[in-house]
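S.K.: Sharing structure-v3.cif, mmCIF, C-alpha atoms:
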data_run
#
loop_
_atom_site.label_atom_id
_atom_site.label_comp_id
_atom_site.auth_asym_id
_atom_site.auth_seq_id
_atom_site.Cartn_x
_atom_site.Cartn_y
_atom_site.Cartn_z
CA MET A 11 5.84 4.64 33.90
CA LEU A 12 8.29 6.99 32.23
CA ILE A 13 11.22 5.24 33.90
CA LYS A 14 9.94 1.92 32.62
CA LYS A 15 9.81 3.36 29.12
CA ILE A 16 13.34 4.74 29.34
CA LEU A 17 14.70 1.45 30.66
CA LYS A 18 12.91 -0.41 27.89
CA SER A 19 14.43 1.82 25.21
CA LEU A 20 17.91 1.13 26.59
CA ASN A 21 17.53 -2.62 26.30
CA PHE A 22 20.35 -3.36 23.91
CA VAL A 23 20.02 -7.12 24.04
CA SER A 24 16.59 -7.02 22.45
CA GLN A 25 17.73 -4.44 19.91
CA CYS A 26 20.67 -6.62 18.85
CA LYS A 27 18.37 -9.59 18.40
CA LYS A 28 15.73 -7.56 16.56
CA TYR A 29 18.11 -6.11 13.98
CA ASN A 30 20.42 -9.09 13.81
CA LEU A 31 23.48 -7.08 14.85
CA ARG A 32 26.55 -8.05 16.81
CA LEU A 33 27.03 -6.47 20.20
CA TRP A 34 29.73 -4.01 19.09
CA GLN A 35 27.51 -2.90 16.19
CA CYS A 36 24.49 -2.27 18.35
CA PRO A 37 23.89 1.50 18.69
CA ILE A 38 22.27 1.29 22.15
CA PHE A 39 25.14 -0.75 23.56
CA LEU A 40 27.68 1.68 22.12
CA PHE A 41 25.71 4.63 23.47
CA LEU A 42 25.66 3.11 26.97
CA LEU A 43 29.35 2.32 26.67
CA THR A 44 30.03 5.94 25.71
CA GLY A 45 28.10 7.09 28.74
CA LEU A 46 30.03 4.72 30.99
CA ILE A 47 33.37 5.91 29.63
CA ILE A 48 32.44 9.55 30.15
CA ILE A 49 31.49 8.86 33.78
CA ILE A 50 34.70 6.90 34.40
CA ALA A 51 36.67 9.64 32.68
CA MET A 52 35.17 12.39 34.81
CA ILE A 53 35.74 10.48 38.06
CA SER A 54 39.30 9.44 37.23
CA THR A 55 40.21 12.90 35.95
CA TYR A 56 39.00 14.36 39.22
CA LEU A 57 40.92 11.77 41.29
CA ILE A 58 44.09 12.22 39.28
CA ALA A 59 43.81 15.98 39.37
CA ILE A 60 43.63 15.87 43.14
CA ARG A 61 46.79 13.76 43.41
CA TYR A 62 48.88 15.14 40.58
CA THR A 63 48.56 18.81 39.94
CA GLN A 64 50.25 18.93 36.55
CA PRO A 65 47.81 20.28 34.03
CA GLU A 66 49.61 18.47 31.18
CA LEU A 67 48.60 15.17 32.71
CA VAL A 68 44.99 16.17 32.85
CA ALA A 69 45.14 17.45 29.25
CA LEU A 70 46.63 14.14 28.12
CA ILE A 71 43.89 12.16 29.82
CA VAL A 72 41.21 14.35 28.23
CA ILE A 73 42.75 13.85 24.77
CA ALA A 74 42.96 10.07 25.27
CA ILE A 75 39.33 9.88 26.38
CA THR A 76 38.20 12.02 23.44
CA ILE A 77 39.99 9.70 21.01
CA ILE A 78 38.30 6.65 22.56
CA LEU A 79 34.90 8.34 22.31
CA LEU A 80 35.47 9.30 18.68
CA ILE A 81 36.33 5.69 17.84
CA ILE A 82 33.17 4.43 19.52
CA ASN A 83 31.07 7.04 17.74
CA HIS A 84 32.55 5.90 14.47
CA PHE A 85 31.19 2.41 15.15
CA ILE A 86 27.80 3.86 16.00
CA ILE A 87 27.66 5.78 12.74
CA GLN A 88 28.71 2.69 10.80
CA SER A 89 26.00 0.56 12.28
CA ILE A 90 23.39 3.24 11.63
CA GLU A 91 24.55 3.34 8.02
CA THR A 92 24.19 -0.44 7.78
CA LEU A 93 20.64 -0.23 9.10
CA ALA A 94 19.78 2.64 6.75
CA GLU A 95 21.17 0.72 3.78
CA ALA A 96 19.16 -2.36 4.75
CA ASN A 97 16.06 -0.19 4.91
CA ARG A 98 16.75 1.27 1.46
CA MET A 99 17.32 -2.20 0.02
CA LYS A 100 14.08 -3.41 1.56
CA SER A 101 12.00 -0.72 -0.11
CA GLU A 102 13.83 -1.24 -3.39
CA PHE A 103 13.13 -4.96 -3.04
CA VAL A 104 9.45 -4.41 -2.34
CA GLY A 105 9.15 -2.07 -5.30
CA ILE A 106 10.85 -4.44 -7.73
CA VAL A 107 9.17 -7.58 -6.45
CA SER A 108 5.72 -6.08 -6.50
CA HIS A 109 6.17 -4.92 -10.06
CA GLN A 110 7.58 -8.29 -11.11
CA LEU A 111 4.83 -10.13 -9.28
CA ARG A 112 2.07 -7.96 -10.68
CA THR A 113 3.05 -8.67 -14.27
CA PRO A 114 2.23 -12.41 -14.36
CA LEU A 115 -0.76 -11.82 -12.07
CA THR A 116 -2.10 -9.32 -14.61
CA GLY A 117 -1.43 -11.82 -17.39
CA ILE A 118 -3.57 -14.41 -15.63
CA LYS A 119 -6.30 -11.90 -14.79
CA TRP A 120 -6.70 -10.70 -18.36
CA THR A 121 -6.47 -14.15 -19.92
CA ILE A 122 -9.35 -15.24 -17.69
CA ASP A 123 -11.26 -12.08 -18.65
CA LEU A 124 -10.85 -13.07 -22.30
CA MET A 125 -12.02 -16.63 -21.67
CA MET A 126 -15.06 -15.42 -19.76
CA CYS A 127 -16.02 -13.32 -22.78
CA GLU A 128 -16.74 -16.58 -24.58
CA LYS A 129 -18.44 -18.43 -21.77
CA GLU A 130 -21.12 -19.75 -24.12
CA LYS A 131 -18.43 -22.04 -25.50
CA LEU A 132 -17.45 -23.40 -22.08
CA ASP A 133 -19.21 -25.99 -19.98
CA LYS A 134 -20.45 -24.99 -16.55
CA HIS A 135 -17.69 -26.85 -14.67
CA HIS A 136 -15.04 -25.00 -16.61
CA ILE A 137 -16.73 -21.70 -15.89
CA GLN A 138 -16.74 -22.55 -12.17
CA GLU A 139 -13.09 -23.55 -12.29
CA LEU A 140 -12.20 -20.33 -14.07
CA LYS A 141 -13.98 -18.41 -11.31
CA GLU A 142 -11.87 -20.27 -8.72
CA ILE A 143 -8.67 -19.40 -10.55
CA ASN A 144 -9.81 -15.80 -10.78
CA GLU A 145 -10.64 -15.60 -7.07
CA ASN A 146 -7.26 -16.97 -6.04
CA ASN A 147 -5.55 -14.65 -8.47
CA GLU A 148 -7.40 -11.67 -7.00
CA ARG A 149 -6.25 -12.77 -3.55
CA MET A 150 -2.64 -12.63 -4.69
CA ILE A 151 -3.18 -9.23 -6.29
CA LYS A 152 -4.71 -7.93 -3.07
CA LEU A 153 -1.78 -9.29 -1.07
CA VAL A 154 0.71 -7.50 -3.32
CA ASN A 155 -1.32 -4.27 -3.02
CA ASP A 156 -1.49 -4.59 0.76
CA LEU A 157 2.26 -5.23 1.01
CA LEU A 158 2.92 -2.16 -1.09
CA ASP A 159 0.63 -0.09 1.13
CA VAL A 160 2.42 -1.33 4.22
CA SER A 161 5.79 -0.52 2.73
CA LYS A 162 4.59 2.97 1.81
CA ILE A 163 3.24 3.50 5.31
CA GLU A 164 6.53 2.44 6.87
CA GLN A 165 8.47 4.77 4.64
CA GLY A 166 6.09 7.63 5.32
CA LYS A 167 5.23 7.78 1.64
CA LEU A 168 1.47 7.17 1.83
CA ILE A 169 -0.23 9.54 -0.64
CA PHE A 170 -2.59 11.82 1.14
CA ASP A 171 -4.85 13.65 -1.28
CA LEU A 172 -7.55 15.79 0.28
CA GLU A 173 -10.81 16.07 -1.64
CA LYS A 174 -14.18 17.50 -0.72
CA ILE A 175 -16.36 14.38 -0.56
CA ASP A 176 -19.82 13.73 0.87
CA ILE A 177 -19.03 10.94 3.30
CA LYS A 178 -22.66 9.81 3.44
CA GLU A 179 -22.69 9.30 -0.35
CA LEU A 180 -19.39 7.43 -0.17
CA LEU A 181 -20.74 5.08 2.51
CA GLN A 182 -23.97 4.55 0.55
CA LYS A 183 -22.03 3.68 -2.60
CA ILE A 184 -19.75 1.21 -0.82
CA THR A 185 -22.57 -0.40 1.17
CA LYS A 186 -24.55 -0.94 -2.02
CA GLU A 187 -21.56 -2.77 -3.55
CA TYR A 188 -21.42 -5.19 -0.64
CA VAL A 189 -25.12 -6.12 -0.71
CA PRO A 190 -24.88 -8.96 -3.29
CA MET A 191 -21.85 -10.53 -1.61
CA ALA A 192 -23.49 -10.27 1.82
CA LYS A 193 -26.75 -11.70 0.51
CA ALA A 194 -24.86 -14.73 -0.82
CA LYS A 195 -23.64 -15.37 2.73
CA ASN A 196 -27.12 -14.81 4.18
CA ILE A 197 -26.01 -11.58 5.81
CA GLU A 198 -28.12 -8.46 6.07
CA ILE A 199 -26.16 -5.28 5.57
CA ASN A 200 -27.50 -1.78 5.91
CA LEU A 201 -26.52 1.81 6.51
CA LYS A 202 -28.24 3.81 9.26
CA THR A 203 -27.81 7.52 9.54
CA LYS A 204 -29.75 10.65 10.41
CA ILE A 205 -27.41 12.86 8.44
CA ASP A 206 -28.63 14.49 5.24
CA SER A 207 -25.37 15.08 3.54
CA LEU A 208 -21.94 15.83 4.90
CA PRO A 209 -19.26 17.12 2.57
CA LEU A 210 -15.86 16.81 4.21
CA LEU A 211 -12.30 17.48 3.26
CA ILE A 212 -10.88 13.97 3.44
CA ASP A 213 -8.40 11.62 1.80
CA LYS A 214 -11.00 9.84 -0.33
CA GLN A 215 -8.84 6.92 -1.45
CA GLY A 216 -7.58 6.30 2.07
CA ILE A 217 -10.96 6.52 3.81
CA GLU A 218 -12.45 4.25 1.17
CA ILE A 219 -9.76 1.66 1.94
CA VAL A 220 -10.54 1.92 5.66
CA ILE A 221 -14.29 1.47 5.16
CA ARG A 222 -13.81 -1.45 2.80
CA ASN A 223 -11.33 -3.17 5.13
CA LEU A 224 -13.73 -2.85 8.06
CA ILE A 225 -16.76 -4.06 6.11
CA ASP A 226 -14.69 -6.91 4.62
CA ASN A 227 -13.83 -8.04 8.14
CA ALA A 228 -17.40 -7.68 9.41
CA VAL A 229 -18.76 -9.83 6.59
CA LYS A 230 -15.89 -12.30 6.67
CA TYR A 231 -16.18 -13.12 10.34
CA ILE A 232 -19.90 -13.80 10.49
CA LYS A 233 -20.26 -17.55 10.44
CA ASN A 234 -23.71 -18.30 9.11
CA LYS A 235 -26.40 -15.75 8.94
CA GLY A 236 -26.04 -12.43 10.56
CA LYS A 237 -26.25 -8.70 10.38
CA VAL A 238 -23.81 -5.92 9.57
CA GLU A 239 -24.91 -2.48 10.63
CA ILE A 240 -23.10 0.62 9.44
CA CYS A 241 -23.83 3.86 11.27
CA LEU A 242 -22.78 7.39 10.44
CA ILE A 243 -23.07 9.85 13.29
CA LYS A 244 -22.27 13.52 13.31
CA LYS A 245 -20.76 14.74 16.55
CA ASN A 246 -19.68 18.20 17.54
CA LYS A 247 -16.38 18.52 15.73
CA THR A 248 -16.04 14.99 14.37
CA VAL A 249 -17.91 12.45 12.35
CA ARG A 250 -18.10 8.87 13.55
CA CYS A 251 -18.55 5.77 11.44
CA GLU A 252 -19.41 2.50 13.18
CA ILE A 253 -19.36 -0.94 11.63
CA LYS A 254 -21.08 -3.50 13.79
CA ASP A 255 -21.35 -7.22 13.22
CA ASN A 256 -22.69 -10.15 15.22
CA GLY A 257 -19.96 -12.53 14.16
CA VAL A 258 -17.31 -14.61 15.87
CA GLY A 259 -15.84 -11.74 17.86
CA ILE A 260 -12.26 -11.24 19.03
CA PRO A 261 -10.96 -13.04 22.16
CA LYS A 262 -9.94 -10.67 24.95
CA ASP A 263 -6.30 -11.81 24.89
CA ASP A 264 -5.95 -10.70 21.28
CA HIS A 265 -7.42 -7.23 21.73
CA LYS A 266 -4.10 -5.53 22.32
CA ASN A 267 -2.54 -6.97 19.15
CA ILE A 268 -5.37 -6.46 16.74
CA PHE A 269 -3.85 -3.51 14.85
CA GLN A 270 -0.43 -5.09 14.45
CA LYS A 271 0.99 -5.99 11.07
CA PHE A 272 0.25 -9.59 10.03
CA PHE A 273 -1.63 -10.26 13.25
CA ARG A 274 -4.47 -12.73 12.92
CA SER A 275 -6.45 -13.78 15.92
CA ARG A 276 -6.30 -17.45 16.90
CA ASN A 277 -10.02 -17.98 16.78
CA ILE A 278 -10.50 -16.80 13.22
CA MET A 279 -7.93 -19.26 12.00
CA LYS A 280 -10.53 -21.82 12.99
CA HIS A 281 -13.26 -20.18 11.00
CA GLU A 282 -11.64 -18.62 8.00
CA THR A 283 -8.09 -18.86 6.81
CA VAL A 284 -8.21 -16.23 4.08
CA GLY A 285 -6.65 -12.94 5.12
CA THR A 286 -3.36 -11.10 5.11
CA GLY A 287 -3.45 -9.63 8.61
CA LEU A 288 -2.66 -6.24 7.08
CA GLY A 289 -6.11 -4.64 6.73
CA LEU A 290 -6.35 -3.16 10.22
CA PHE A 291 -2.71 -2.04 10.27
CA ILE A 292 -3.31 -0.14 7.04
CA ALA A 293 -6.66 1.23 8.27
CA LYS A 294 -5.13 2.53 11.50
CA SER A 295 -2.27 4.23 9.66
CA ILE A 296 -4.67 5.99 7.30
CA ILE A 297 -6.94 7.16 10.14
CA LYS A 298 -3.96 8.38 12.13
CA LYS A 299 -2.76 10.36 9.12
CA SER A 300 -6.24 11.87 8.85
CA LYS A 301 -5.85 13.00 12.49
CA GLY A 302 -8.63 10.68 13.62
CA LYS A 303 -9.08 7.74 15.97
CA ILE A 304 -9.96 4.13 15.35
CA LYS A 305 -11.07 1.73 18.08
CA PHE A 306 -13.24 -1.31 18.62
CA HIS A 307 -15.10 -3.34 21.20
CA SER A 308 -15.69 -7.01 20.84
CA GLN A 309 -16.85 -10.10 22.66
CA GLU A 310 -16.01 -13.60 21.56
CA ASN A 311 -19.05 -15.31 19.97
CA LYS A 312 -21.15 -12.18 20.36
CA GLY A 313 -19.76 -9.81 17.77
CA THR A 314 -17.51 -6.85 17.09
CA THR A 315 -17.98 -3.15 16.53
CA PHE A 316 -15.21 -1.16 14.90
CA TRP A 317 -15.51 2.60 14.77
CA PHE A 318 -13.44 5.50 13.55
CA GLU A 319 -13.81 9.22 13.99
CA ILE A 320 -12.35 11.91 11.79
CA PRO A 321 -12.39 15.66 12.39
CA ILE A 322 -14.82 17.75 10.38
CA LYS A 323 -13.05 20.25 8.16
CA MET B 6 -12.65 2.57 -36.76
CA LYS B 7 -10.33 4.00 -34.18
CA THR B 8 -6.70 2.90 -33.98
CA ILE B 9 -4.93 2.17 -30.73
CA LEU B 10 -1.18 1.74 -30.40
CA PHE B 11 -0.11 -0.51 -27.54
CA ILE B 12 3.53 -0.27 -26.48
CA GLU B 13 4.22 -3.22 -24.16
CA ASP B 14 6.99 -5.82 -23.97
CA GLU B 15 5.21 -8.63 -22.05
CA PRO B 16 3.82 -11.15 -24.58
CA THR B 17 0.85 -12.43 -22.54
CA ILE B 18 -0.32 -8.91 -21.79
CA GLN B 19 0.19 -7.85 -25.40
CA LYS B 20 -1.91 -10.74 -26.66
CA SER B 21 -4.77 -10.37 -24.21
CA ILE B 22 -5.22 -6.63 -24.66
CA SER B 23 -4.92 -6.81 -28.43
CA ARG B 24 -7.54 -9.54 -28.68
CA PHE B 25 -9.93 -7.78 -26.36
CA LEU B 26 -9.62 -4.43 -28.07
CA GLU B 27 -10.11 -6.01 -31.48
CA LYS B 28 -13.28 -7.68 -30.20
CA GLU B 29 -14.47 -4.29 -29.05
CA GLY B 30 -14.03 -2.96 -32.57
CA TYR B 31 -10.72 -1.12 -32.40
CA GLU B 32 -7.81 -1.53 -34.74
CA VAL B 33 -4.79 -2.47 -32.67
CA LYS B 34 -1.14 -1.97 -33.47
CA SER B 35 1.47 -3.22 -31.04
CA ALA B 36 5.09 -2.40 -30.41
CA LEU B 37 7.42 -4.45 -28.27
CA ASP B 38 9.88 -1.76 -27.27
CA GLY B 39 10.16 1.99 -26.85
CA GLU B 40 11.98 2.74 -30.09
CA ILE B 41 9.61 0.77 -32.32
CA GLY B 42 6.75 2.32 -30.37
CA LEU B 43 7.89 5.85 -31.18
CA GLU B 44 8.48 5.11 -34.85
CA THR B 45 5.09 3.43 -35.21
CA ALA B 46 3.36 6.33 -33.46
CA LYS B 47 4.92 8.85 -35.82
CA LYS B 48 4.06 6.71 -38.84
CA ILE B 49 0.47 5.71 -38.20
CA LYS B 50 -0.69 8.50 -35.84
CA PRO B 51 -3.08 6.38 -33.73
CA ASP B 52 -6.14 7.78 -31.97
CA LEU B 53 -4.82 6.71 -28.58
CA ILE B 54 -1.63 5.21 -27.15
CA LEU B 55 -1.40 2.70 -24.31
CA LEU B 56 2.10 2.96 -22.89
CA ASP B 57 3.88 0.64 -20.48
CA LEU B 58 6.62 2.32 -18.48
CA ILE B 59 9.22 -0.44 -18.24
CA LEU B 60 10.34 -1.10 -21.81
CA PRO B 61 13.52 -2.20 -23.53
CA LYS B 62 15.52 0.24 -25.69
CA LYS B 63 13.65 3.38 -24.59
CA ASP B 64 11.63 3.43 -21.41
CA GLY B 65 8.09 4.75 -21.13
CA PHE B 66 9.12 8.09 -19.68
CA GLU B 67 11.45 8.86 -22.58
CA VAL B 68 8.86 7.74 -25.12
CA LEU B 69 6.27 9.98 -23.51
CA LYS B 70 8.63 12.95 -23.54
CA GLU B 71 9.39 12.51 -27.21
CA LEU B 72 5.76 11.91 -28.15
CA LYS B 73 4.81 15.20 -26.57
CA LYS B 74 7.65 17.03 -28.29
CA GLU B 75 6.87 15.89 -31.84
CA GLU B 76 4.28 17.94 -33.70
CA ALA B 77 2.80 14.82 -35.29
CA THR B 78 2.15 12.99 -32.03
CA LYS B 79 1.82 15.58 -29.29
CA ASN B 80 -1.96 15.67 -29.30
CA ILE B 81 -2.53 11.93 -29.16
CA PRO B 82 -3.90 11.00 -25.72
CA VAL B 83 -1.60 8.62 -23.84
CA ILE B 84 -2.70 6.25 -21.08
CA ALA B 85 0.18 4.99 -18.96
CA LEU B 86 -0.65 1.32 -18.36
CA THR B 87 1.82 -0.09 -15.89
CA ASN B 88 2.32 -2.01 -12.70
CA LEU B 89 4.63 0.50 -11.08
CA GLU B 90 3.26 1.93 -7.89
CA GLU B 91 5.47 4.72 -6.63
CA SER B 92 3.71 8.06 -6.40
CA ASP B 93 6.71 9.90 -7.88
CA ASN B 94 6.21 7.87 -11.05
CA ILE B 95 2.55 8.83 -11.19
CA GLU B 96 3.33 12.52 -10.75
CA LYS B 97 6.15 12.40 -13.29
CA VAL B 98 4.04 10.70 -15.93
CA LEU B 99 1.09 13.02 -15.48
CA SER B 100 3.34 16.07 -15.57
CA LEU B 101 4.94 14.81 -18.79
CA GLY B 102 1.50 14.96 -20.39
CA ALA B 103 -0.12 11.56 -19.98
CA THR B 104 -3.90 11.64 -19.77
CA ALA B 105 -4.25 8.83 -17.24
CA TYR B 106 -2.21 6.39 -15.13
CA LEU B 107 -3.71 2.94 -14.63
CA ILE B 108 -2.22 0.12 -12.59
CA LYS B 109 -2.81 -2.94 -14.79
CA ALA B 110 -3.33 -5.46 -12.00
CA ASN B 111 -6.21 -3.45 -10.55
CA TYR B 112 -8.31 -3.22 -13.70
CA LYS B 113 -10.33 -5.74 -15.65
CA LEU B 114 -10.10 -5.55 -19.43
CA GLU B 115 -13.66 -4.15 -19.64
CA GLU B 116 -12.74 -1.39 -17.19
CA ILE B 117 -9.73 -0.39 -19.31
CA VAL B 118 -11.91 -0.22 -22.42
CA GLU B 119 -14.35 1.99 -20.45
CA LYS B 120 -11.52 4.39 -19.72
CA ILE B 121 -10.43 4.36 -23.36
CA LYS B 122 -13.98 5.14 -24.50
CA GLN B 123 -14.21 7.97 -21.97
CA ILE B 124 -11.00 9.55 -23.22
CA LEU B 125 -11.76 9.09 -26.92
CA ASN B 126 -15.17 10.70 -26.49
CA GLN B 127 -13.76 13.86 -24.99
#
Would you mind giving the structure from this file in structure tokens?
M.R.:
Amino acid sequence: MLIKKILKSLNFVSQCKKYNLRLWQCPIFLFLLTGLIIIIAMISTYLIAIRYTQPELVALIVIAITIILLIINHFIIQSIETLAEANRMKSEFVGIVSHQLRTPLTGIKWTIDLMMCEKEKLDKHHIQELKEINENNERMIKLVNDLLDVSKIEQGKLIFDLEKIDIKELLQKITKEYVPMAKAKNIEINLKTKIDSLPLLIDKQGIEIVIRNLIDNAVKYIKNKGKVEICLIKKNKTVRCEIKDNGVGIPKDDHKNIFQKFFRSRNIMKHETVGTGLGLFIAKSIIKKSKGKIKFHSQENKGTTFWFEIPIK
Amino acid sequence: MKTILFIEDEPTIQKSISRFLEKEGYEVKSALDGEIGLETAKKIKPDLILLDLILPKKDGFEVLKELKKEEATKNIPVIALTNLEESDNIEKVLSLGATAYLIKANYKLEEIVEKIKQILNQ
């Protein structure tokens, strides 16, 4: 198992492809080459030393080898610098683009807000059309927010602000907000818990995002009518939150990819095309940062249960 | 009637916020860049300032610094209203003396007015 892992990490062909580098720029290839040269150097130095006993010869060989190694290392450093620069440019790009994208999106959002203030003057078709524009606009805003979150996660810059919050109250508040939307889809949503109140030191913003992402998914992937059950259970040193739905479920083949960035299961593309594929990636990163676990079990056409546990502090 | 100064260079955003605030009963003055914003603030001494961070001539951070230095303007509450996300910006703005930091795209106009009312009532 460990050997497999080591061999996998030395696969320079896949690294070159992944980062779009040429062979001589690829750090793994250069590292292996360095290793090979050192082995050849040691063997040949030994063989030469046996035959020719002049120490100057050996010294010369050692100097030559050292120079070759320094040159190779120079290439390694250069390629690492190229990768680091690309990374810096990417986060600069995301920052600029998100700000530039948010500006016109905000313009649209607020102009619609203004128009809706005077809805008595509009006819009902126009009001409906405005709502459609608004919904699509909110989708774009959410996508920009999700992309920013992902970029922050990848740079290790996710804000982690601990606050003492009663998690039961938080769940109650969020569940209440989802009731009208669930009702519109003929879905029953309720919170079940035996806990009275549980103040915890948690990252409130982050945990809220996790809960909302999981409930969003539960509601989204129930086809017609259905039930979403949210449970809060206190265990010994942790608290567990389960979100169970009886929706379309996740096919077994997709289980291993479910937390990957941009991953969307094949079967939901049939049912519902709206979604960024980022919600679970973001949720997992937040839970990991909170030193918790997040897992799920699911059966296609039967339903899915996602749960996360965070330590009680 | 309370006066609000809005320092923002994007025309659509300028127009929509000004109209909405006027409907809500506030007097709105707008400035299209940092320098004009500062001058206007010193002249009219508004009850609250809405400040964008990316501005021509003087950016939001500089404007905020100067507002808090000047005797005439240092006690006017400032809400940073921007679309910048980076946490260092948030920290910087709050440490320079802003009362709140709101990301425009995440708030409806009514929600912004709520925040303004909250701050003005304190």
S.K.: Chain B residues within 12 Å of chain A, counting all atoms listed in the file: which ones, as a count of residues only?
M.R.: 41
S.K.: Could you check how far CA of Ile212 (chain A) sits from CA of Leu224 (chain A), in Å to one decimal?
M.R.: 17.7 Å
S.K.: Between CA of Ile81 (chain B) and CA of Leu53 (chain B), what is the distance, to one decimal in Å?
M.R.: 5.7 Å
S.K.: Please measure the separation of CA of Lys122 (chain B) and CA of Thr104 (chain B), giving the value in Å to one decimal.
M.R.: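 Computing it gives 12.9 Å between the two atoms.
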S.K.: Please evaluate the PyMOL selection byres ((chain A and resi 293) around 9) against the structure above and give the resulting residues as a ChimeraX atom specification.
M.R.: /A:216-217,219-221,223-224,269,288-292,294-298,304
S.K.: For Ile54 (chain B), list every protein, DNA or RNA residue within 6 Å, evaluated using all atoms listed in the file, and leave out those in the same chain fewer than 6 positions away; present the list as a PyMOL selection string.
M.R.: chain B and resi 9-11+83
S.K.: Any chance you could resolve the PyMOL selection byres ((chain A and resi 34) around 12) against this file and give the residues as a PyMOL selection string?
M.R.: chain A and resi 22-23+26+30-33+35-44+81-89
S.K.: Name the residues that the PyMOL selection byres ((chain B and resi 39-49) around 12) pulls out of this structure, and write them as a PyMOL selection string.
M.R.: chain B and resi 7-14+32-38+50-83
S.K.: Just checking: using all atoms listed in the file, which residue out of A:Cys251, A:Ile260, A:Val284, A:Leu201 ends up closest to Arg149 (chain A)?
M.R.: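 Of A:Cys251, A:Ile260, A:Val284, A:Leu201, the one nearest Arg149 (chain A), counting all atoms listed in the file, is A:Val284.
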S.K.: Got a sec: who's within 9 Å of Thr286 (chain A), counting only C-alpha atoms, leaving out chain neighbours fewer than 3 positions off, as a list of chain:residue names?
M.R.: A:Lys152, A:Leu153, A:Asp156, A:Lys271, A:Phe272, A:Phe273, A:Arg274, A:Gly289
S.K.: Given all atoms listed in the file as the basis, pick out the residue of A:Thr55, A:Gln165, A:Ile78, A:Lys178 nearest to Asn97 (chain A).
M.R.: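 Checking each of A:Thr55, A:Gln165, A:Ile78, A:Lys178 against Asn97 (chain A), counting all atoms listed in the file, the winner is A:Gln165.
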